[in-house]
$ cat work.tsv   # TSV, C-alpha atoms (C1' of nucleotides) and all ligand atoms
chain	number	residue	atom	x	y	z
A	1	MET	CA	18.95	30.04	-78.28
A	2	PRO	CA	16.04	27.58	-78.29
A	3	ASP	CA	14.49	29.48	-75.40
A	4	ILE	CA	14.38	32.68	-77.37
A	5	MET	CA	12.81	31.08	-80.44
A	6	GLU	CA	10.24	29.18	-78.41
A	7	ASP	CA	9.39	32.29	-76.44
A	8	ALA	CA	9.08	34.22	-79.68
A	9	ASP	CA	6.68	31.64	-81.15
A	10	ARG	CA	4.58	31.71	-78.00
A	11	HIS	CA	4.62	35.47	-77.78
A	12	CYS	CA	3.56	35.92	-81.40
A	13	ALA	CA	0.86	33.27	-81.13
A	14	LYS	CA	-0.54	35.13	-78.15
A	15	THR	CA	-0.45	38.61	-79.69
A	16	GLY	CA	-1.40	37.64	-83.24
A	17	ALA	CA	1.88	38.90	-84.71
A	18	ARG	CA	2.98	36.92	-87.76
A	19	LEU	CA	6.44	35.47	-87.28
A	20	THR	CA	6.97	34.49	-90.91
A	21	PRO	CA	9.90	32.29	-92.03
A	22	LEU	CA	11.93	35.31	-93.09
A	23	ARG	CA	11.35	37.15	-89.82
A	24	ARG	CA	12.04	33.98	-87.90
A	25	ARG	CA	15.30	33.51	-89.77
A	26	VAL	CA	16.42	37.05	-88.94
A	27	LEU	CA	15.55	36.56	-85.30
A	28	GLU	CA	17.54	33.33	-85.24
A	29	LEU	CA	20.57	35.09	-86.67
A	30	VAL	CA	20.31	37.89	-84.11
A	31	ALA	CA	19.74	35.46	-81.25
A	32	GLN	CA	22.65	33.21	-82.20
A	33	ALA	CA	25.13	36.08	-82.23
A	34	ARG	CA	27.08	36.57	-79.04
A	35	ALA	CA	27.25	40.32	-79.69
A	36	PRO	CA	25.13	43.04	-81.26
A	37	VAL	CA	24.61	42.35	-84.98
A	38	LYS	CA	24.74	44.86	-87.82
A	39	ALA	CA	21.94	44.97	-90.37
A	40	TYR	CA	24.29	44.44	-93.30
A	41	ASP	CA	25.88	41.45	-91.59
A	42	LEU	CA	22.44	39.91	-91.33
A	43	LEU	CA	21.94	40.78	-94.96
A	44	SER	CA	25.01	38.89	-96.11
A	45	GLN	CA	24.13	35.89	-93.96
A	46	ILE	CA	20.68	35.76	-95.50
A	47	ASP	CA	22.16	36.30	-98.93
A	48	ARG	CA	24.20	33.15	-98.64
A	49	THR	CA	21.02	31.12	-98.54
A	50	SER	CA	18.36	33.00	-100.44
A	51	THR	CA	20.33	35.20	-102.88
A	52	SER	CA	17.46	37.68	-103.00
A	53	ALA	CA	17.94	39.68	-99.84
A	54	LYS	CA	18.29	43.42	-100.18
A	55	PRO	CA	18.50	46.09	-97.48
A	56	PRO	CA	14.72	46.55	-97.14
A	57	THR	CA	14.37	42.83	-96.54
A	58	VAL	CA	16.37	42.91	-93.35
A	59	TYR	CA	15.28	46.34	-92.18
A	60	ARG	CA	11.64	45.39	-92.52
A	61	ALA	CA	12.17	42.19	-90.60
A	62	LEU	CA	14.02	44.09	-87.89
A	63	ASP	CA	11.25	46.70	-87.70
A	64	PHE	CA	8.75	43.94	-87.15
A	65	LEU	CA	10.87	42.22	-84.50
A	66	ILE	CA	11.47	45.46	-82.64
A	67	GLU	CA	7.79	46.34	-82.78
A	68	ALA	CA	6.96	42.87	-81.49
A	69	GLY	CA	9.38	43.32	-78.59
A	70	LEU	CA	11.66	40.49	-79.71
A	71	VAL	CA	14.70	42.58	-80.63
A	72	HIS	CA	16.22	45.79	-79.32
A	73	ARG	CA	18.17	48.27	-81.33
A	74	VAL	CA	21.47	49.37	-79.75
A	75	GLU	CA	21.36	52.99	-80.77
A	76	ALA	CA	24.96	53.96	-80.17
A	77	LEU	CA	26.21	50.96	-82.18
A	78	ASN	CA	23.69	50.90	-85.03
A	79	ALA	CA	23.21	47.26	-84.16
A	80	PHE	CA	20.65	44.83	-82.83
A	81	VAL	CA	20.31	42.32	-79.99
A	82	ALA	CA	17.67	39.71	-79.23
A	83	CYS	CA	15.55	40.41	-76.18
A	84	PRO	CA	15.90	37.63	-73.61
A	85	GLN	CA	12.37	38.26	-72.33
A	86	ALA	CA	9.96	38.55	-75.24
A	87	GLY	CA	7.51	41.39	-74.97
A	88	HIS	CA	8.40	42.63	-71.50
A	89	GLY	CA	6.51	45.79	-70.69
A	90	HIS	CA	9.23	48.03	-69.40
A	91	ALA	CA	12.10	49.83	-71.00
A	92	ALA	CA	15.27	47.85	-71.51
A	93	VAL	CA	18.53	48.84	-69.88
A	94	LEU	CA	21.57	47.55	-71.78
A	95	TYR	CA	25.06	47.07	-70.36
A	96	VAL	CA	27.47	46.78	-73.28
A	97	CYS	CA	31.05	45.65	-72.72
A	98	GLU	CA	33.40	47.58	-75.00
A	99	SER	CA	36.02	44.87	-74.71
A	100	CYS	CA	34.15	41.64	-75.45
A	101	ALA	CA	30.97	43.20	-76.91
A	102	ASN	CA	28.75	41.17	-74.62
A	103	VAL	CA	25.41	42.78	-73.85
A	104	THR	CA	23.46	42.22	-70.65
A	105	GLU	CA	19.88	43.38	-70.57
A	106	VAL	CA	18.05	44.25	-67.41
A	107	GLN	CA	14.63	45.78	-67.05
A	108	GLY	CA	13.20	48.29	-64.72
A	109	SER	CA	10.23	50.49	-64.13
A	110	ARG	CA	10.81	54.01	-65.46
A	111	PRO	CA	14.58	53.59	-65.61
A	112	GLY	CA	16.76	56.63	-65.96
A	113	GLN	CA	14.02	59.20	-65.43
A	114	GLU	CA	15.97	61.36	-63.02
A	115	ASN	CA	14.57	64.87	-62.65
A	116	LYS	CA	12.01	64.41	-65.38
A	117	PRO	CA	10.74	67.81	-66.53
A	118	ALA	CA	7.26	68.61	-65.28
A	119	GLY	CA	4.58	67.53	-67.70
A	120	PHE	CA	6.84	65.44	-69.93
A	121	THR	CA	5.29	62.15	-71.03
A	122	VAL	CA	7.86	59.48	-71.81
A	123	LYS	CA	6.91	57.14	-74.65
A	124	ARG	CA	10.20	55.41	-75.29
A	125	SER	CA	13.56	55.34	-73.52
A	126	VAL	CA	17.04	54.57	-74.77
A	127	ILE	CA	19.30	53.51	-71.94
A	128	GLU	CA	22.69	52.08	-72.80
A	129	HIS	CA	25.71	51.82	-70.53
A	130	TYR	CA	29.13	51.25	-72.06
A	131	GLY	CA	32.12	49.98	-70.16
A	132	LEU	CA	33.81	46.77	-69.02
A	133	CYS	CA	32.03	43.64	-67.92
A	134	ALA	CA	33.14	41.59	-64.94
A	135	ASP	CA	34.91	39.02	-67.14
A	136	CYS	CA	37.15	41.45	-68.97
A	137	PRO	CA	40.52	42.53	-67.57
A	138	ARG	CA	40.95	46.09	-66.34
A	139	PRO	CA	43.48	48.10	-68.36
B	1	MET	CA	22.93	81.65	-76.75
B	2	PRO	CA	25.45	84.18	-75.41
B	3	ASP	CA	25.59	82.23	-72.16
B	4	ILE	CA	26.64	79.05	-73.92
B	5	MET	CA	29.38	80.73	-75.93
B	6	GLU	CA	30.73	82.61	-72.93
B	7	ASP	CA	30.67	79.48	-70.83
B	8	ALA	CA	32.43	77.63	-73.63
B	9	ASP	CA	35.16	80.25	-73.81
B	10	ARG	CA	35.65	80.15	-70.06
B	11	HIS	CA	35.59	76.37	-69.95
B	12	CYS	CA	38.18	76.01	-72.73
B	13	ALA	CA	40.41	78.68	-71.22
B	14	LYS	CA	40.35	76.77	-67.97
B	15	THR	CA	41.02	73.34	-69.44
B	16	GLY	CA	43.44	74.38	-72.15
B	17	ALA	CA	41.21	73.15	-74.97
B	18	ARG	CA	41.54	75.20	-78.13
B	19	LEU	CA	38.22	76.60	-79.26
B	20	THR	CA	39.36	77.67	-82.72
B	21	PRO	CA	37.19	79.85	-84.99
B	22	LEU	CA	35.93	76.83	-86.91
B	23	ARG	CA	35.01	74.93	-83.76
B	24	ARG	CA	33.47	78.04	-82.30
B	25	ARG	CA	31.40	78.51	-85.44
B	26	VAL	CA	30.10	74.95	-85.27
B	27	LEU	CA	29.24	75.36	-81.60
B	28	GLU	CA	27.36	78.58	-82.40
B	29	LEU	CA	25.33	76.81	-85.06
B	30	VAL	CA	24.47	73.96	-82.71
B	31	ALA	CA	23.65	76.32	-79.85
B	32	GLN	CA	21.44	78.57	-81.97
B	33	ALA	CA	19.29	75.69	-83.14
B	34	ARG	CA	16.13	75.10	-81.19
B	35	ALA	CA	16.34	71.37	-81.93
B	36	PRO	CA	18.99	68.71	-82.42
B	37	VAL	CA	21.12	69.48	-85.48
B	38	LYS	CA	22.31	67.03	-88.13
B	39	ALA	CA	25.95	66.98	-89.16
B	40	TYR	CA	25.17	67.57	-92.82
B	41	ASP	CA	22.93	70.52	-91.96
B	42	LEU	CA	25.87	72.07	-90.16
B	43	LEU	CA	27.95	71.30	-93.19
B	44	SER	CA	25.69	73.18	-95.57
B	45	GLN	CA	25.45	76.13	-93.21
B	46	ILE	CA	29.23	76.35	-93.02
B	47	ASP	CA	29.46	75.89	-96.78
B	48	ARG	CA	27.43	79.00	-97.38
B	49	THR	CA	30.18	81.05	-95.82
B	50	SER	CA	33.46	79.25	-96.35
B	51	THR	CA	32.86	77.08	-99.45
B	52	SER	CA	35.52	74.63	-98.30
B	53	ALA	CA	33.70	72.58	-95.71
B	54	LYS	CA	33.62	68.82	-96.25
B	55	PRO	CA	32.25	66.09	-93.99
B	56	PRO	CA	35.47	65.64	-91.99
B	57	THR	CA	35.46	69.36	-91.23
B	58	VAL	CA	32.24	69.20	-89.27
B	59	TYR	CA	32.75	65.74	-87.80
B	60	ARG	CA	36.14	66.73	-86.44
B	61	ALA	CA	34.75	69.89	-84.92
B	62	LEU	CA	31.90	67.90	-83.36
B	63	ASP	CA	34.33	65.31	-82.00
B	64	PHE	CA	36.27	68.09	-80.32
B	65	LEU	CA	33.16	69.72	-78.89
B	66	ILE	CA	31.85	66.43	-77.55
B	67	GLU	CA	35.23	65.57	-76.05
B	68	ALA	CA	35.31	69.02	-74.45
B	69	GLY	CA	31.85	68.48	-72.96
B	70	LEU	CA	30.26	71.33	-74.92
B	71	VAL	CA	28.01	69.22	-77.16
B	72	HIS	CA	26.12	65.97	-76.74
B	73	ARG	CA	25.32	63.51	-79.46
B	74	VAL	CA	21.69	62.37	-79.55
B	75	GLU	CA	22.28	58.76	-80.49
B	76	ALA	CA	18.81	57.78	-81.59
B	77	LEU	CA	18.55	60.81	-83.90
B	78	ASN	CA	22.08	60.96	-85.31
B	79	ALA	CA	22.06	64.56	-84.23
B	80	PHE	CA	23.72	66.98	-81.83
B	81	VAL	CA	22.72	69.42	-79.10
B	82	ALA	CA	24.68	72.02	-77.19
B	83	CYS	CA	25.20	71.27	-73.53
B	84	PRO	CA	23.71	73.99	-71.32
B	85	GLN	CA	26.29	73.35	-68.61
B	86	ALA	CA	29.74	73.14	-70.14
B	87	GLY	CA	31.87	70.32	-68.83
B	88	HIS	CA	29.55	68.98	-66.17
B	89	GLY	CA	30.93	65.84	-64.66
B	90	HIS	CA	27.96	63.50	-64.78
B	91	ALA	CA	26.14	61.74	-67.54
B	92	ALA	CA	23.51	63.71	-69.37
B	93	VAL	CA	19.87	62.66	-69.40
B	94	LEU	CA	17.97	64.00	-72.41
B	95	TYR	CA	14.23	64.44	-72.71
B	96	VAL	CA	13.38	64.81	-76.40
B	97	CYS	CA	9.92	65.91	-77.49
B	98	GLU	CA	8.87	64.04	-80.61
B	99	SER	CA	6.35	66.73	-81.47
B	100	CYS	CA	8.32	69.99	-81.23
B	101	ALA	CA	11.84	68.46	-81.14
B	102	ASN	CA	12.77	70.45	-78.06
B	103	VAL	CA	15.43	68.82	-75.90
B	104	THR	CA	15.73	69.32	-72.16
B	105	GLU	CA	18.91	68.14	-70.50
B	106	VAL	CA	19.13	67.20	-66.87
B	107	GLN	CA	22.05	65.66	-65.06
B	108	GLY	CA	22.33	63.06	-62.41
B	109	SER	CA	24.75	60.86	-60.62
B	110	ARG	CA	24.85	57.37	-62.11
B	111	PRO	CA	21.55	57.80	-63.93
B	112	GLY	CA	19.77	54.76	-65.28
B	113	GLN	CA	21.99	52.17	-63.61
B	114	GLU	CA	19.17	49.99	-62.39
B	115	ASN	CA	20.25	46.45	-61.52
B	116	LYS	CA	23.76	46.95	-62.80
B	117	PRO	CA	25.41	43.56	-63.35
B	118	ALA	CA	27.96	42.69	-60.70
B	119	GLY	CA	31.44	43.80	-61.63
B	120	PHE	CA	30.43	45.95	-64.58
B	121	THR	CA	32.30	49.27	-64.79
B	122	VAL	CA	30.35	51.97	-66.60
B	123	LYS	CA	32.46	54.36	-68.63
B	124	ARG	CA	29.80	56.14	-70.66
B	125	SER	CA	26.01	56.20	-70.57
B	126	VAL	CA	23.45	57.02	-73.24
B	127	ILE	CA	20.15	58.04	-71.68
B	128	GLU	CA	17.49	59.50	-73.95
B	129	HIS	CA	13.77	59.70	-73.25
B	130	TYR	CA	11.39	60.31	-76.15
B	131	GLY	CA	7.85	61.54	-75.75
B	132	LEU	CA	5.81	64.71	-75.44
B	133	CYS	CA	6.87	67.83	-73.58
B	134	ALA	CA	4.52	69.81	-71.38
B	135	ASP	CA	3.90	72.42	-74.07
B	136	CYS	CA	2.74	70.04	-76.77
B	137	PRO	CA	-0.88	68.92	-77.07
B	138	ARG	CA	-1.77	65.34	-76.22
B	139	PRO	CA	-3.09	63.37	-79.20
C	1	DG	C1'	-11.92	33.49	-109.02
C	2	DA	C1'	-12.12	38.59	-108.04
C	3	DG	C1'	-10.64	41.59	-104.65
C	4	DC	C1'	-8.00	42.91	-100.75
C	5	DA	C1'	-4.34	43.24	-97.24
C	6	DG	C1'	-0.04	42.01	-95.74
C	7	DA	C1'	4.41	40.49	-96.90
C	8	DT	C1'	8.31	40.31	-99.90
C	9	DG	C1'	11.20	41.46	-104.20
C	10	DT	C1'	13.84	44.95	-106.59
C	11	DA	C1'	16.17	49.16	-108.11
C	12	DA	C1'	17.74	53.29	-107.07
C	13	DT	C1'	19.33	56.67	-104.04
C	14	DA	C1'	19.61	59.32	-99.71
C	15	DA	C1'	21.82	59.95	-95.31
C	16	DC	C1'	25.55	59.20	-92.22
C	17	DG	C1'	30.37	58.64	-91.27
C	18	DT	C1'	35.56	57.65	-91.89
C	19	DA	C1'	40.36	56.61	-93.90
C	20	DA	C1'	44.26	58.43	-95.85
C	21	DC	C1'	47.16	61.83	-97.18
C	22	DA	C1'	48.33	66.90	-98.27
C	23	DT	C1'	48.72	71.43	-96.54
C	24	DT	C1'	48.55	75.12	-93.28
C	25	DT	C1'	48.78	77.09	-88.81
C	26	DT	C1'	50.55	77.37	-84.20
C	27	DA	C1'	53.56	76.37	-80.47
C	28	DT	C1'	58.34	75.45	-78.84
C	29	DC	C1'	63.03	75.82	-78.42
C	30	DG	C1'	68.03	76.53	-79.45
D	1	DC	C1'	64.70	84.82	-85.29
D	2	DG	C1'	64.48	80.41	-87.89
D	3	DA	C1'	64.19	75.34	-87.48
D	4	DT	C1'	61.22	71.93	-86.17
D	5	DA	C1'	57.51	69.48	-84.15
D	6	DA	C1'	52.61	69.20	-83.11
D	7	DA	C1'	47.99	70.40	-83.94
D	8	DA	C1'	44.48	71.76	-86.95
D	9	DT	C1'	42.39	72.00	-91.38
D	10	DG	C1'	41.83	70.92	-96.48
D	11	DT	C1'	40.78	67.43	-99.88
D	12	DT	C1'	39.70	63.15	-102.21
D	13	DA	C1'	37.72	59.13	-102.07
D	14	DC	C1'	35.13	55.66	-100.18
D	15	DG	C1'	32.51	52.77	-96.73
D	16	DT	C1'	28.44	52.13	-94.02
D	17	DT	C1'	23.69	52.72	-92.78
D	18	DA	C1'	18.96	53.41	-94.13
D	19	DT	C1'	14.87	54.76	-96.96
D	20	DT	C1'	11.68	55.62	-100.96
D	21	DA	C1'	9.00	53.96	-104.50
D	22	DC	C1'	7.05	50.71	-107.08
D	23	DA	C1'	6.34	45.77	-108.54
D	24	DT	C1'	5.04	41.14	-107.33
D	25	DC	C1'	3.53	37.47	-104.60
D	26	DT	C1'	0.78	35.00	-100.98
D	27	DG	C1'	-3.01	33.92	-98.27
D	28	DC	C1'	-7.51	35.15	-97.15
D	29	DT	C1'	-12.58	36.64	-97.82
D	30	DC	C1'	-16.55	36.98	-100.34
A	201	ZN	ZN	14.09	43.33	-73.76
A	202	ZN	ZN	33.63	41.99	-71.47
A	203	ZN	ZN	25.49	68.28	-70.75
A	204	ZN	ZN	7.02	69.52	-77.47

$ encode --input "work.tsv" --output "structure tokens" --more "lines below"
Ligand SMILES: [Zn+2]
Ligand SMILES: [Zn+2]
Ligand SMILES: [Zn+2]
Ligand SMILES: [Zn+2]
Amino acid sequence: MPDIMEDADRHCAKTGARLTPLRRRVLELVAQARAPVKAYDLLSQIDRTSTSAKPPTVYRALDFLIEAGLVHRVEALNAFVACPQAGHGHAAVLYVCESCANVTEVQGSRPGQENKPAGFTVKRSVIEHYGLCADCPRP
Amino acid sequence: MPDIMEDADRHCAKTGARLTPLRRRVLELVAQARAPVKAYDLLSQIDRTSTSAKPPTVYRALDFLIEAGLVHRVEALNAFVACPQAGHGHAAVLYVCESCANVTEVQGSRPGQENKPAGFTVKRSVIEHYGLCADCPRP
DNA sequence: GAGCAGATGTAATAACGTAACATTTTATCG
DNA sequence: CGATAAAATGTTACGTTATTACATCTGCTC
């Protein structure tokens, strides 16, 4: 995941966000995982090195990373994935394989806004598709 | 919410699903609410009458209602809303107002599947838009 | 080096959800 | 009808996820 970390450094340098060592470490852990990561799994991985990590440590780092556009929360899994395209402007669309747990992110303009009610202003969208990826055998 | 309860009765009669008194009571509570309802709020409302409700009581009822297509889970809120169109075949698209908590459900065919990866088979979609409804003042 | 803001440490607890097993209710069938 | 099987509910206990509140530290400005 060197791309992701380099992009993150560049993106934070450009926006003024402070990618501290702790936040950077959490992003590395999320980016290295080949599947969505749970907050408490991050916690135990950090624990092994620093011994002082508690829940707020990881949740605060994740809040920062999400705010910075470096990580997305997978709402239906209570888990987190690294964004492959730091700070993209549009909403993320996630395709999550329920067999191998791989997540593919695509982006689009106003995705999923079918039949939007008149006068509704969308601030944030959660779009997650669950199913089987091309590499997993059909039942 | 007489419509919702009557539709639910009809829908369950047609499909053979058993809308028992407990499940019916939970559906009534969800349908009466003017906002997404939390599982533990349902629990305390049931408690007031029956005194024997525990977490599995309400979670099992909710599982049934979701399976039957009578209730949707709002993933990003850990909460539940009654479906205004019992057992509709397509994925639900929810517009959630962050000011007044009102939820508007619309339905569509294959909503939100922008740039679907080749070979991916979607089994279930989570599509939730958060923002401001037409009736709420802009900041 | 005093003061401030942002970041992190720490303890405690709230909020959300499930596993496992006992009991009761309902449907089915000889 | 009464045995029996299946479905639903009761109950205990616990696991997981997330936040609040307050203390301390770190880097910066004046
Ligand atoms: Zn992204
Ligand atoms: Zn797969
Ligand atoms: Zn619906
Ligand atoms: Zn509103």

$ interface_residues --input "work.tsv" --of "chain C" --to "chain B" --cutoff "9 Å" --atoms "all atoms listed in the file" --output "ChimeraX atom specification"
/C:15-18

$ write_last_selection --input "work.tsv" --atoms "C-alpha atoms (C1' of nucleotides)" --output "PDB file, in the frame of the given file"
ATOM      1  C1'  DA C  15      21.820  59.950 -95.310  1.00  0.00           C
ATOM      2  C1'  DC C  16      25.550  59.200 -92.220  1.00  0.00           C
ATOM      3  C1'  DG C  17      30.370  58.640 -91.270  1.00  0.00           C
ATOM      4  C1'  DT C  18      35.560  57.650 -91.890  1.00  0.00           C
TER       5       DT C  18
END

$ residues_near_ligand --input "work.tsv" --ligand "ligand ZN 203 (chain A)" --cutoff "8 Å" --atoms "all atoms listed in the file" --output "CSV table (one decimal) with C-alpha atoms, in the frame of the given file"
chain,number,residue,atom,x,y,z
B,69,GLY,CA,31.8,68.5,-73.0
B,70,LEU,CA,30.3,71.3,-74.9
B,71,VAL,CA,28.0,69.2,-77.2
B,72,HIS,CA,26.1,66.0,-76.7
B,82,ALA,CA,24.7,72.0,-77.2
B,83,CYS,CA,25.2,71.3,-73.5
B,84,PRO,CA,23.7,74.0,-71.3
B,85,GLN,CA,26.3,73.4,-68.6
B,86,ALA,CA,29.7,73.1,-70.1
B,87,GLY,CA,31.9,70.3,-68.8
B,88,HIS,CA,29.6,69.0,-66.2
B,91,ALA,CA,26.1,61.7,-67.5
B,92,ALA,CA,23.5,63.7,-69.4
B,105,GLU,CA,18.9,68.1,-70.5
B,106,VAL,CA,19.1,67.2,-66.9
B,107,GLN,CA,22.0,65.7,-65.1

$ atom_distance --input "work.tsv" --atom1 "CA of Pro36 in chain B" --atom2 "CA of Phe80 in chain B"
5.1 Å

$ residues_near_ligand --input "work.tsv" --ligand "ligand ZN 202 (chain A)" --cutoff "7 Å" --atoms "all atoms listed in the file" --output "count of residues only"
11

$ atom_distance --input "work.tsv" --atom1 "CA of Ile127 in chain A" --atom2 "CA of Val126 in chain B"
5.6 Å
